[in-house]
Structure formats: structure tokens, C-alpha cells
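What follows is query_31.txt (compact mmCIF, C-alpha atoms).
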```
# COMPACT_ATOMS: atom_id res chain seq x y z
CA MET A 1 22.15 -12.89 -5.86
CA PRO A 2 18.59 -11.67 -5.11
CA HIS A 3 16.99 -15.11 -5.38
CA LEU A 4 19.30 -16.48 -2.64
CA ARG A 5 18.44 -13.85 -0.04
CA LYS A 6 16.49 -14.79 3.07
CA ARG A 7 12.76 -14.18 2.71
CA HIS A 8 10.58 -12.55 5.35
CA LEU A 9 8.17 -15.49 5.15
CA GLN A 10 10.76 -18.08 6.22
CA PRO A 11 10.27 -17.78 10.04
CA LEU A 12 6.50 -18.26 9.62
CA ILE A 13 7.04 -21.41 7.55
CA GLU A 14 9.53 -22.81 10.06
CA LYS A 15 7.09 -22.19 12.90
CA SER A 16 4.22 -23.79 10.98
CA LEU A 17 6.26 -26.94 10.33
CA ARG A 18 6.45 -27.46 14.08
CA PHE A 19 2.65 -27.66 14.35
CA SER A 20 1.14 -28.90 11.06
CA PRO A 21 1.84 -32.09 9.08
CA ILE A 22 1.49 -30.16 5.82
CA VAL A 23 2.52 -26.57 5.08
CA GLY A 24 1.74 -24.88 1.78
CA VAL A 25 3.72 -22.06 0.16
CA PHE A 26 1.97 -20.45 -2.78
CA GLY A 27 2.52 -17.49 -5.03
CA HIS A 28 3.24 -16.15 -8.48
CA ARG A 29 5.58 -18.01 -10.79
CA GLN A 30 9.22 -16.98 -10.30
CA VAL A 31 8.43 -15.45 -6.89
CA GLY A 32 11.02 -17.68 -5.20
CA LYS A 33 8.95 -20.52 -3.71
CA THR A 34 11.30 -23.31 -4.80
CA THR A 35 14.46 -21.56 -3.60
CA LEU A 36 12.87 -20.79 -0.24
CA CYS A 37 11.63 -24.33 0.32
CA GLU A 38 14.88 -25.95 -0.82
CA ALA A 39 16.60 -23.96 1.94
CA LEU A 40 14.31 -25.65 4.48
CA SER A 41 14.68 -29.25 3.30
CA GLU A 42 17.17 -31.48 1.52
CA ARG A 43 14.42 -33.63 0.02
CA TYR A 44 12.84 -32.06 -3.06
CA VAL A 45 10.54 -33.36 -5.81
CA THR A 46 9.12 -31.23 -8.60
CA LEU A 47 6.04 -32.20 -10.58
CA ASP A 48 7.29 -30.04 -13.43
CA LEU A 49 9.25 -33.17 -14.41
CA SER A 50 6.98 -35.44 -16.42
CA GLU A 51 8.08 -38.66 -14.66
CA ASN A 52 7.29 -37.19 -11.22
CA GLN A 53 3.99 -35.80 -12.44
CA ASP A 54 3.00 -39.20 -13.87
CA LEU A 55 3.86 -40.81 -10.54
CA GLY A 56 1.86 -38.17 -8.67
CA VAL A 57 -1.17 -38.79 -10.88
CA HIS A 58 -1.09 -42.58 -11.24
CA SER A 59 0.73 -43.75 -8.10
CA PRO A 60 0.90 -40.93 -5.55
CA GLU A 61 1.46 -43.34 -2.64
CA THR A 62 4.66 -44.52 -4.32
CA LEU A 63 5.82 -40.92 -4.75
CA ILE A 64 5.31 -40.30 -1.03
CA ARG A 65 6.87 -43.55 0.24
CA SER A 66 9.90 -43.39 -2.04
CA ASN A 67 10.77 -39.92 -0.75
CA ALA A 68 10.02 -40.45 2.94
CA ALA A 69 12.44 -37.94 4.42
CA PHE A 70 10.75 -35.02 6.08
CA PRO A 71 10.00 -32.32 5.37
CA LEU A 72 9.49 -33.44 1.79
CA VAL A 73 9.15 -30.53 -0.63
CA ILE A 74 6.70 -31.25 -3.46
CA ASP A 75 6.94 -28.45 -6.01
CA GLU A 76 4.03 -27.42 -8.30
CA CYS A 77 1.83 -29.96 -6.55
CA GLN A 78 -1.38 -28.70 -8.22
CA LEU A 79 -0.30 -30.56 -11.36
CA ALA A 80 -1.26 -33.91 -9.75
CA PRO A 81 -4.70 -33.66 -8.06
CA PRO A 82 -4.76 -37.38 -7.03
CA LEU A 83 -1.73 -36.68 -4.85
CA PHE A 84 -3.89 -34.81 -2.34
CA LEU A 85 -6.10 -37.78 -1.47
CA ALA A 86 -2.93 -39.78 -0.87
CA LEU A 87 -1.56 -37.02 1.36
CA LYS A 88 -4.85 -36.94 3.28
CA GLU A 89 -4.65 -40.67 3.95
CA TRP A 90 -0.94 -40.52 4.82
CA VAL A 91 -1.28 -37.79 7.45
CA ARG A 92 -4.37 -39.53 8.86
CA LYS A 93 -2.12 -42.46 9.73
CA HIS A 94 1.06 -40.46 10.41
CA LYS A 95 0.18 -37.39 12.45
CA ALA A 96 3.65 -35.98 13.11
CA PRO A 97 4.12 -32.29 12.18
CA GLY A 98 6.47 -31.04 9.51
CA GLN A 99 6.10 -33.90 7.03
CA PHE A 100 5.30 -32.09 3.76
CA LEU A 101 6.09 -28.70 2.33
CA LEU A 102 3.96 -28.09 -0.75
CA THR A 103 4.44 -25.31 -3.27
CA GLY A 104 2.11 -24.18 -6.00
CA SER A 105 1.38 -21.39 -8.45
CA VAL A 106 -2.38 -21.85 -8.05
CA ARG A 107 -4.47 -21.35 -4.91
CA PHE A 108 -5.66 -24.71 -3.63
CA SER A 109 -8.98 -23.12 -2.68
CA SER A 110 -9.70 -22.73 -6.40
CA ARG A 111 -9.83 -26.50 -6.93
CA LYS A 112 -12.59 -28.24 -4.99
CA ALA A 113 -11.06 -31.73 -4.78
CA ILE A 114 -7.79 -30.36 -3.43
CA ARG A 115 -9.50 -27.99 -1.01
CA GLU A 116 -11.66 -30.74 0.48
CA SER A 117 -8.73 -33.16 0.82
CA LEU A 118 -6.56 -30.75 2.81
CA THR A 119 -9.11 -28.96 4.99
CA GLY A 120 -7.81 -28.94 8.56
CA ARG A 121 -4.55 -30.61 7.57
CA ILE A 122 -2.55 -27.75 6.08
CA ILE A 123 -1.32 -24.27 7.00
CA ASN A 124 -1.07 -22.06 3.90
CA TRP A 125 1.22 -19.09 3.33
CA GLU A 126 1.54 -16.79 0.36
CA LEU A 127 4.98 -15.67 -0.75
CA LEU A 128 4.77 -12.15 -2.14
CA PRO A 129 7.18 -10.56 -4.63
CA MET A 130 10.26 -9.16 -2.91
CA ASP A 131 10.02 -5.72 -1.36
CA LEU A 132 13.03 -3.38 -1.20
CA SER A 133 14.03 -4.58 2.27
CA GLU A 134 14.26 -8.21 1.10
CA SER A 135 16.20 -7.39 -2.05
CA HIS A 136 18.67 -5.43 0.12
CA SER A 137 18.92 -8.13 2.84
CA ALA A 138 17.32 -5.87 5.46
CA PRO A 139 14.79 -6.88 8.15
CA LEU A 140 11.05 -6.68 7.56
CA PRO A 141 10.11 -3.01 8.15
CA ASP A 142 7.76 -2.28 11.05
CA THR A 143 6.63 1.22 10.06
CA VAL A 144 2.98 0.36 9.40
CA PRO A 145 2.52 -1.61 12.66
CA LEU A 146 4.19 1.28 14.53
CA LEU A 147 1.87 3.87 12.98
CA LEU A 148 -1.11 1.82 14.17
CA GLN A 149 0.05 1.63 17.77
CA PRO A 150 -1.78 3.86 20.29
CA ARG A 151 1.17 6.24 20.64
CA GLY A 152 3.07 5.34 17.49
CA PHE A 153 1.49 7.65 14.93
CA GLU A 154 3.52 10.70 15.89
CA LYS A 155 6.85 8.94 16.50
CA PRO A 156 9.87 10.04 14.40
CA LEU A 157 10.66 7.83 11.43
CA LYS A 158 13.90 7.43 9.49
CA LYS A 159 14.46 7.21 5.76
CA ALA A 160 15.19 3.66 4.58
CA ARG A 161 18.82 3.43 3.49
CA TYR A 162 17.89 1.40 0.41
CA PHE A 163 15.25 3.80 -0.92
CA SER A 164 16.09 6.25 -3.70
CA GLU A 165 14.35 7.69 -6.73
CA LYS A 166 16.27 5.21 -8.87
CA ALA A 167 15.28 2.25 -6.66
CA TYR A 168 11.66 3.40 -6.78
CA SER A 169 11.64 3.57 -10.60
CA ILE A 170 13.41 0.24 -10.98
CA ALA A 171 10.98 -1.47 -8.60
CA LEU A 172 7.99 -0.29 -10.62
CA SER A 173 9.48 -1.22 -14.00
CA GLN A 174 11.18 -4.52 -13.06
CA GLY A 175 8.97 -5.73 -10.20
CA GLY A 176 9.81 -8.05 -7.34
CA LEU A 177 10.07 -11.52 -8.88
CA PRO A 178 13.67 -12.62 -8.16
CA GLY A 179 13.85 -14.80 -11.25
CA VAL A 180 13.05 -11.79 -13.43
CA PHE A 181 14.07 -8.47 -11.88
CA SER A 182 17.62 -9.69 -11.27
CA ILE A 183 18.19 -9.96 -15.05
CA ARG A 184 20.11 -6.85 -16.02
CA ASP A 185 19.79 -7.05 -19.80
CA PRO A 186 16.44 -5.36 -20.69
CA SER A 187 15.93 -7.45 -23.83
CA ILE A 188 16.46 -10.73 -21.95
CA ARG A 189 14.24 -9.53 -19.10
CA LYS A 190 11.50 -8.69 -21.62
CA GLN A 191 11.83 -12.16 -23.11
CA ARG A 192 11.59 -13.72 -19.65
CA PHE A 193 8.37 -11.82 -18.94
CA GLU A 194 6.90 -13.06 -22.22
CA THR A 195 7.93 -16.66 -21.57
CA GLN A 196 6.41 -16.48 -18.12
CA ILE A 197 3.15 -15.01 -19.40
CA GLU A 198 2.93 -17.76 -22.01
CA THR A 199 3.26 -20.41 -19.30
CA LEU A 200 0.63 -18.68 -17.17
CA LEU A 201 -1.90 -18.46 -20.00
CA GLU A 202 -1.22 -21.66 -21.91
CA ARG A 203 -0.76 -24.01 -18.96
CA ASP A 204 -1.79 -22.70 -15.55
CA LEU A 205 -4.92 -20.88 -16.68
CA ARG A 206 -6.24 -23.92 -18.54
CA LEU A 207 -5.91 -26.01 -15.37
CA LEU A 208 -8.56 -23.80 -13.81
CA VAL A 209 -10.94 -22.77 -16.58
CA GLN A 210 -11.97 -24.32 -19.86
CA THR A 211 -11.63 -21.79 -22.65
CA THR A 212 -11.23 -21.81 -26.41
CA LEU A 213 -9.87 -18.26 -26.46
CA GLU A 214 -6.61 -17.85 -28.34
CA TYR A 215 -3.39 -16.91 -26.59
CA ARG A 216 -3.27 -13.45 -28.16
CA THR A 217 -6.78 -12.70 -26.90
CA LEU A 218 -5.83 -13.72 -23.36
CA HIS A 219 -2.59 -11.74 -23.60
CA ASN A 220 -4.56 -8.70 -24.70
CA LEU A 221 -6.85 -9.13 -21.67
CA LEU A 222 -3.85 -8.93 -19.36
CA SER A 223 -2.70 -5.75 -21.12
CA VAL A 224 -6.17 -4.23 -20.75
CA LEU A 225 -6.22 -5.06 -17.03
CA ALA A 226 -2.68 -3.72 -16.53
CA SER A 227 -3.75 -0.35 -17.94
CA ARG A 228 -6.70 -0.22 -15.49
CA GLN A 229 -4.95 -0.89 -12.20
CA GLY A 230 -6.52 0.85 -9.24
CA LEU A 231 -9.59 1.94 -11.21
CA PRO A 232 -13.16 0.77 -10.57
CA LEU A 233 -13.66 -2.51 -12.39
CA GLU A 234 -16.29 -1.98 -15.08
CA LEU A 235 -16.81 -5.42 -16.59
CA SER A 236 -18.63 -4.10 -19.64
CA GLU A 237 -15.73 -1.78 -20.51
CA VAL A 238 -13.14 -4.52 -20.05
CA ALA A 239 -15.29 -6.89 -22.11
CA ARG A 240 -15.43 -4.42 -24.99
CA ALA A 241 -11.70 -3.66 -24.84
CA SER A 242 -10.72 -7.34 -24.69
CA ARG A 243 -13.51 -8.67 -26.95
CA ILE A 244 -14.42 -11.27 -24.33
CA SER A 245 -17.98 -11.80 -23.10
CA VAL A 246 -18.81 -10.73 -19.56
CA PRO A 247 -19.58 -14.29 -18.33
CA ALA A 248 -16.27 -15.56 -19.72
CA LEU A 249 -14.52 -12.54 -18.28
CA ARG A 250 -15.82 -13.31 -14.80
CA ARG A 251 -14.40 -16.82 -14.97
CA LEU A 252 -11.07 -15.61 -16.29
CA LEU A 253 -10.70 -12.95 -13.59
CA ALA A 254 -11.35 -15.54 -10.89
CA ALA A 255 -8.73 -17.83 -12.46
CA LEU A 256 -6.13 -15.06 -12.80
CA GLU A 257 -6.56 -14.20 -9.14
CA ALA A 258 -6.23 -17.88 -8.20
CA MET A 259 -2.95 -17.90 -10.17
CA PHE A 260 -1.59 -14.89 -8.22
CA VAL A 261 -1.47 -12.77 -11.37
CA ILE A 262 -3.98 -10.19 -10.14
CA ARG A 263 -5.56 -9.22 -6.83
CA ILE A 264 -9.17 -8.06 -6.70
CA ILE A 265 -9.76 -5.59 -3.87
CA ASP A 266 -13.09 -4.49 -2.46
CA THR A 267 -14.14 -0.86 -2.42
CA ILE A 268 -15.87 0.55 0.66
CA GLY A 269 -18.02 3.67 0.51
CA THR A 270 -20.94 4.71 -1.64
CA ARG A 271 -19.14 3.57 -4.83
CA ARG A 272 -18.51 -0.14 -4.44
CA ARG A 273 -16.88 -1.29 -7.67
CA PRO A 274 -13.91 -3.56 -6.90
CA VAL A 275 -10.45 -2.67 -8.21
CA ILE A 276 -7.62 -4.75 -9.62
CA PHE A 277 -3.89 -4.66 -8.95
CA PHE A 278 -1.22 -6.88 -10.44
CA GLU A 279 0.70 -8.92 -7.90
CA ASP A 280 3.96 -8.00 -9.65
CA GLN A 281 4.37 -4.47 -10.94
CA GLY A 282 7.16 -5.44 -13.30
CA GLU A 283 4.78 -7.75 -15.10
CA ALA A 284 2.15 -4.99 -15.13
CA SER A 285 4.61 -2.44 -16.56
CA HIS A 286 5.65 -4.92 -19.25
CA LEU A 287 2.02 -5.57 -20.22
CA ALA A 288 0.80 -1.97 -20.09
CA GLY A 289 3.64 -0.74 -22.29
CA GLU A 290 3.19 2.83 -21.12
CA LYS A 291 4.13 4.84 -18.05
CA PRO A 292 1.15 5.36 -15.71
CA GLU A 293 0.57 8.81 -14.28
CA PRO A 294 2.71 9.64 -11.20
CA LEU A 295 -0.05 9.38 -8.58
CA LEU A 296 -0.95 5.88 -9.74
CA ASN A 297 2.73 4.93 -9.57
CA ILE A 298 2.81 5.76 -5.87
CA THR A 299 -0.32 3.67 -5.32
CA ARG A 300 1.17 0.78 -7.30
CA PHE A 301 4.31 0.96 -5.19
CA LEU A 302 2.33 1.00 -1.94
CA PHE A 303 0.39 -2.07 -3.01
CA SER A 304 3.36 -4.16 -4.11
CA PHE A 305 6.19 -3.00 -1.85
CA VAL A 306 4.58 -2.01 1.47
CA ARG A 307 1.91 -4.67 2.04
CA GLN A 308 4.57 -7.19 3.15
CA GLN A 309 4.54 -5.33 6.47
CA TRP A 310 1.07 -6.60 7.31
CA VAL A 311 0.79 -9.77 5.20
CA TYR A 312 3.80 -11.28 7.00
CA ARG A 313 2.36 -10.27 10.37
CA PRO A 314 -0.76 -12.45 10.56
CA GLU A 315 -1.56 -11.18 14.05
CA MET A 316 -2.61 -7.88 12.43
CA ASP A 317 -5.42 -9.67 10.56
CA ALA A 318 -5.25 -6.95 7.91
CA ARG A 319 -7.73 -6.52 5.08
CA LEU A 320 -6.81 -4.32 2.14
CA PHE A 321 -9.44 -2.14 0.48
CA GLN A 322 -10.09 1.10 -1.40
CA TYR A 323 -12.38 3.89 -0.19
CA ARG A 324 -14.59 5.88 -2.60
CA ASN A 325 -17.84 7.79 -2.37
CA ARG A 326 -20.06 9.65 -4.82
CA GLY A 327 -18.98 12.99 -3.43
CA GLY A 328 -15.49 12.42 -4.84
CA SER A 329 -13.68 11.35 -1.67
CA PHE A 330 -11.00 8.85 -2.60
CA VAL A 331 -8.43 6.85 -0.63
CA PRO A 332 -6.68 4.57 -3.15
CA LEU A 333 -5.44 2.07 -0.55
CA ALA A 334 -6.35 1.40 3.05
CA ILE A 335 -6.10 -1.44 5.54
CA GLN A 336 -8.45 -2.50 8.31
CA THR A 337 -6.60 -4.31 11.10
CA THR A 338 -7.12 -5.44 14.68
CA ARG A 339 -5.49 -2.14 15.66
CA GLY A 340 -7.73 0.05 13.49
CA ALA A 341 -7.83 1.41 9.95
CA LEU A 342 -5.02 3.20 8.12
CA GLY A 343 -5.50 5.03 4.82
CA PHE A 344 -2.83 5.96 2.26
CA ILE A 345 -3.40 9.02 0.03
CA PRO A 346 -0.63 9.62 -2.54
CA MET A 347 0.11 13.19 -3.59
CA LEU A 348 2.57 14.92 -5.91
CA ASP A 349 3.24 17.91 -3.67
CA GLU A 350 4.39 17.85 -0.06
CA THR A 351 1.28 19.63 1.18
CA PRO A 352 -2.22 18.15 0.80
CA GLY A 353 -4.75 20.15 -1.18
CA LYS A 354 -8.45 20.60 -0.51
CA HIS A 355 -9.41 17.36 -2.24
CA GLU A 356 -6.86 15.27 -0.35
CA LEU A 357 -7.90 16.80 2.98
CA ALA A 358 -11.60 16.26 2.22
CA SER A 359 -10.92 12.63 1.26
CA ALA A 360 -9.01 12.06 4.49
CA GLN A 361 -11.76 13.60 6.62
CA SER A 362 -14.40 11.48 4.88
CA PHE A 363 -12.32 8.35 5.48
CA LEU A 364 -11.75 9.24 9.15
CA GLY A 365 -15.46 9.81 9.58
CA GLN A 366 -16.27 6.41 8.12
CA PHE A 367 -13.92 4.38 10.35
CA LYS A 368 -13.82 4.99 14.07
CA GLY A 369 -10.30 5.58 15.38
CA ALA A 370 -8.82 5.54 11.86
CA ARG A 371 -5.63 7.30 10.77
CA CYS A 372 -4.56 8.62 7.39
CA LEU A 373 -1.22 9.24 5.69
CA PHE A 374 -0.50 11.69 2.87
CA VAL A 375 2.33 9.91 1.04
CA HIS A 376 4.71 11.68 -1.34
CA LEU A 377 8.16 11.34 -2.92
CA GLY A 378 9.71 14.38 -1.22
CA GLU A 379 11.35 14.89 2.17
CA SER A 380 8.66 16.55 4.31
CA ASP A 381 7.47 14.63 7.38
CA ARG A 382 4.81 16.52 9.35
CA VAL A 383 2.22 15.43 11.88
CA LEU A 384 -0.99 17.36 11.24
CA GLY A 385 -2.88 15.89 14.17
CA HIS A 386 -3.46 12.70 16.12
CA ASN A 387 -4.78 10.99 12.97
CA LEU A 388 -3.27 12.86 10.00
CA ARG A 389 0.35 12.84 8.89
CA ILE A 390 2.37 13.85 5.83
CA LEU A 391 4.99 11.16 5.26
CA PRO A 392 7.68 10.57 2.60
CA LEU A 393 7.45 7.22 0.90
CA SER A 394 11.11 6.71 1.77
CA HIS A 395 10.17 6.64 5.49
CA LEU A 396 7.40 4.08 4.97
CA VAL A 397 9.38 1.27 3.34
```
Can you present the structure in this file as C-alpha cells?
Amino acid sequence: MPHLRKRHLQPLIEKSLRFSPIVGVFGHRQVGKTTLCEALSERYVTLDLSENQDLGVHSPETLIRSNAAFPLVIDECQLAPPLFLALKEWVRKHKAPGQFLLTGSVRFSSRKAIRESLTGRIINWELLPMDLSESHSAPLPDTVPLLLQPRGFEKPLKKARYFSEKAYSIALSQGGLPGVFSIRDPSIRKQRFETQIETLLERDLRLLVQTTLEYRTLHNLLSVLASRQGLPLELSEVARASRISVPALRRLLAALEAMFVIRIIDTIGTRRRPVIFFEDQGEASHLAGEKPEPLLNITRFLFSFVRQQWVYRPEMDARLFQYRNRGGSFVPLAIQTTRGALGFIPMLDETPGKHELASAQSFLGQFKGARCLFVHLGESDRVLGHNLRILPLSHLV
């Protein structure tokens, strides 16, 4: 079963528990946080249960003392803000590492009281939706780190055994949330997406932002955003399409990012509008209700199913961005790391055209020592130089 497979994040959590009294695991609903943490501890409390939530709010010290077997997993801990002051006081007196493993569907940094209570006392990790290697019980791929090594860019690469055109299409349409994509019946999977979205908008969102907007208006906003993935974020256009004011829209976007629904990425170049991607492409496909054009599909796949290679390697210190300039040069996704910058340019053919080549050269000129990949769905793998390479997507995952 997909939700029982070992996650690439697990070794990082286990290591963190040896050094920090509190470790946090955060991410989108249904991403597998609870299953992962239950595999690391026999002691588990969820604040989704009303009696535990009441205890966490009104008597958090009792909740901690009555479950004193470490590591103690406290699931959906953001539902009881008073708990964090109690945790602060507890670890002040009891400094041993590995005492608490907290999970949440909201970034703690989005709530001031929680952030201030845990500063310097917690190591946070984000659990991403499953990539193809996780769902097929394979090791975390090392293709991207290899391509960034001094002599790694020209090394031969093999096709991933689990990649196929069918796997690619399924990943984009069903996403990487184990509690959702593993449902085979399309009608039940659709219902699960809708139930999840309702929880996100009617409960989690309202923990972060006060709004009188109706559910259908908020749902429509998500659909509007899903249809604009990877495009420059024009707030006025989104406001008109969603019928939400720009000030309210700013607050909602910040909340949706704090809930791991969307990711806002900076754009570098002479056109600096940020862009939005959905954390889970299955959710985005469900909301958009239409098939995006093929080039955008490759970009969506790169964002959701390749970034695990640098997110789960914190030593790379990677920052994701998009590159655009007024002359038309465009690199939809790129990363800046301690080893240099790497750009990804999707293409439909197996040979880059004038525009793709010009975009790559502009990108390489902007970032010293950068490298650029032309990514496609075919079979051709060709090194064009010390910093340019045509690479099949199947070799990258």
C-alpha cells in the first residue's frame, strides 16, 4: 500500500530526534505525516479528537504528563495554541533530545504565538507529496546533485525503471498524496479531493485568516489559481476572476501557502512577478478541470516530482525560482544551490529551437557557472557543451 512505504524524509527525522527535544513534521493534508510519525513512535495523540484538543487548549501540561513516553507524537498540534507554551516550559526543564514529534497541516511560522514559543527549540521538516521513487519503494534519486557536481554534468544517466508515459500521466492527474492517489475508483477519488478541499477551506484556512467569504467563492479562487500555475501572478486579474478584493486576496494567498496548498516562487530577471504552483498536482488537476498544455505539464511534473532531490538534501541549500526577462527569455524552473544554479527548460521536441537556446544562454549569462537542461518526454540524451544538455525526463526522476 502506498501510504505504508518508507518516506525519503524518515532518516532526516530520525537524525533530528537525536539532537533536538522537539521535531516538527509539516505538510499538506493526506501527505502521510501521521503514518510516518507513527512508524517512529508507539505513543501517539491526535488533536483531531475533541477530547484531546480540549485537553491541549485548557490543560496542556496534563496532556504532556499523561503521555510521557518519548518520542510523543502530537498530531495536528496547531489546533491547540496553548500547548506550545507548555512545551516551551517542559523542554526548558527537561532538555533531553527526542521528546516530542509534532505534526501539522499549517506552518508554525504563520502563527506568531507558536513561532515565538518554539524558536530555538524545534527542528522543522516538510513532508512533500510522494515522488515516483517513493511510490515504487526506490531510493531517493541523486540525478540533480550529480548534474551539479564539477564533473557530473556529462556523466551517463539511466532511465528510471518506474517511469513511463502512463506513470507520468497518472502522477499529474492523481498527484502524490498517498491518502488520495492510491484510491483506484475515479468517482471516490474525486469525492476525496472535494472532502479534503472542504476541510482546508472551512477549517484550516479560518484558523489563519478571518474571512466572511463563502465556501464556493474560496473554492472558485482555488480553481482560478490552479488554471494559472507557472504564470506571472497578476493580482488584479486573479481578483477579477475570483471576485475577491486585492487586499483580501493577499491575505488568502499567504494563508494558502502556510497550509501547504500552494507555493509562491520568486521570479528573477527583468520581469519579477512571482508565480504559483500547487503542492499537489492531483489537487490542481481536480480543481482546474481541464488539461493544461503539454509544456506546462512537464513544468508541473518537474516542480512536484523532482524537487524531492534537493528538498531532502538540506546540505544543497537549494532555492527554487523562475527566470524571465523582457526580451522573452524564459526558464520555467531553476534552482540556486551551494554548488551553483541549474535551469530546467521543457520542450516538446528532442532538439531545442532558437527560443529555447536563447533562453538558456540568457540564463547562463545571468548566473556564473550555471548549467541548463532541455527536458523532454522522448529518448534523446545529448550533451551540447559543458553547461547545456538535452535530457529525457525519464532519466531525471
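Residues with any atom within 8 Å of the point (6.0, -4.0, -10.0), counting all atoms listed in the file, are A:Ala171, A:Leu172, A:Ser173, A:Gln174, A:Gly175, A:Gly176, A:Phe278, A:Glu279, A:Asp280, A:Gln281, A:Gly282, A:Glu283, A:Ala284, A:Ser285, A:Arg300, A:Phe301, A:Ser304.
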Name the residues in contact with A:Val397 at a cut-off of 12 Å, using only C-alpha atoms, excluding same-chain residues fewer than 3 positions from it; report them as a PyMOL selection string.
chain A and resi 131-134+136+138-145+157-164+167-168+301-309+375+377+391-394
Can you work out which one of A:Leu128, A:Leu79, A:Leu201, A:Leu49 has the shortest atom-to-atom distance to A:Gln10, counting all atoms listed in the file?
A:Leu128
How big is the axis-aligned box around the listed atoms of stretch 305-310 of chain A once 4 Å is added on each side, and where is its centre? Give both in Å to one decimal, as JSON.
```
{"center_x": 3.6, "center_y": -4.6, "center_z": 2.7, "size_x": 13.1, "size_y": 13.2, "size_z": 17.2}
```
Find the residues near A:Leu364: any atom within 10 Å, counting only C-alpha atoms, skip ones fewer than 6 places away on the same chain, and give them as a list in words.
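Final neighbour list, sorted by chain and number: Ala341, Leu342, Gly343, Ala358, Ala370, Arg371, Cys372, Asn387 and Leu388 of chain A.
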Show me, as a Markdown table, the residues of stretch 257-362 of chain A having an atom within 10 Å of stretch 379-385 of chain A, each with the closest atom pair and its distance in Å, using all atoms listed in the file.
```
| residue | atom | partner | partner_atom | distance |
| --- | --- | --- | --- | --- |
| A:Asp349 | CA | A:Ser380 | CA | 9.7 |
| A:Glu350 | CA | A:Ser380 | CA | 6.2 |
| A:Thr351 | CA | A:Ser380 | CA | 8.6 |
```
Nearby residues (all atoms listed in the file) at most 9 Å from A:Leu40, same-chain spacing under 5 positions excluded, as JSON, numbers by chain
{"A": [10, 13, 14, 71, 73]}
Let me make sure I understand: among A:Gln366, A:Gln361, A:Asn124, A:Thr299, which one has the smallest atom-to-atom distance to A:Gln336 if we use only C-alpha atoms?
A:Gln366
Taking all atoms listed in the file into account, name the residue in A:Gln99, A:Ser169, A:Thr211, A:Asn325 that is nearest to A:Pro232.
A:Asn325
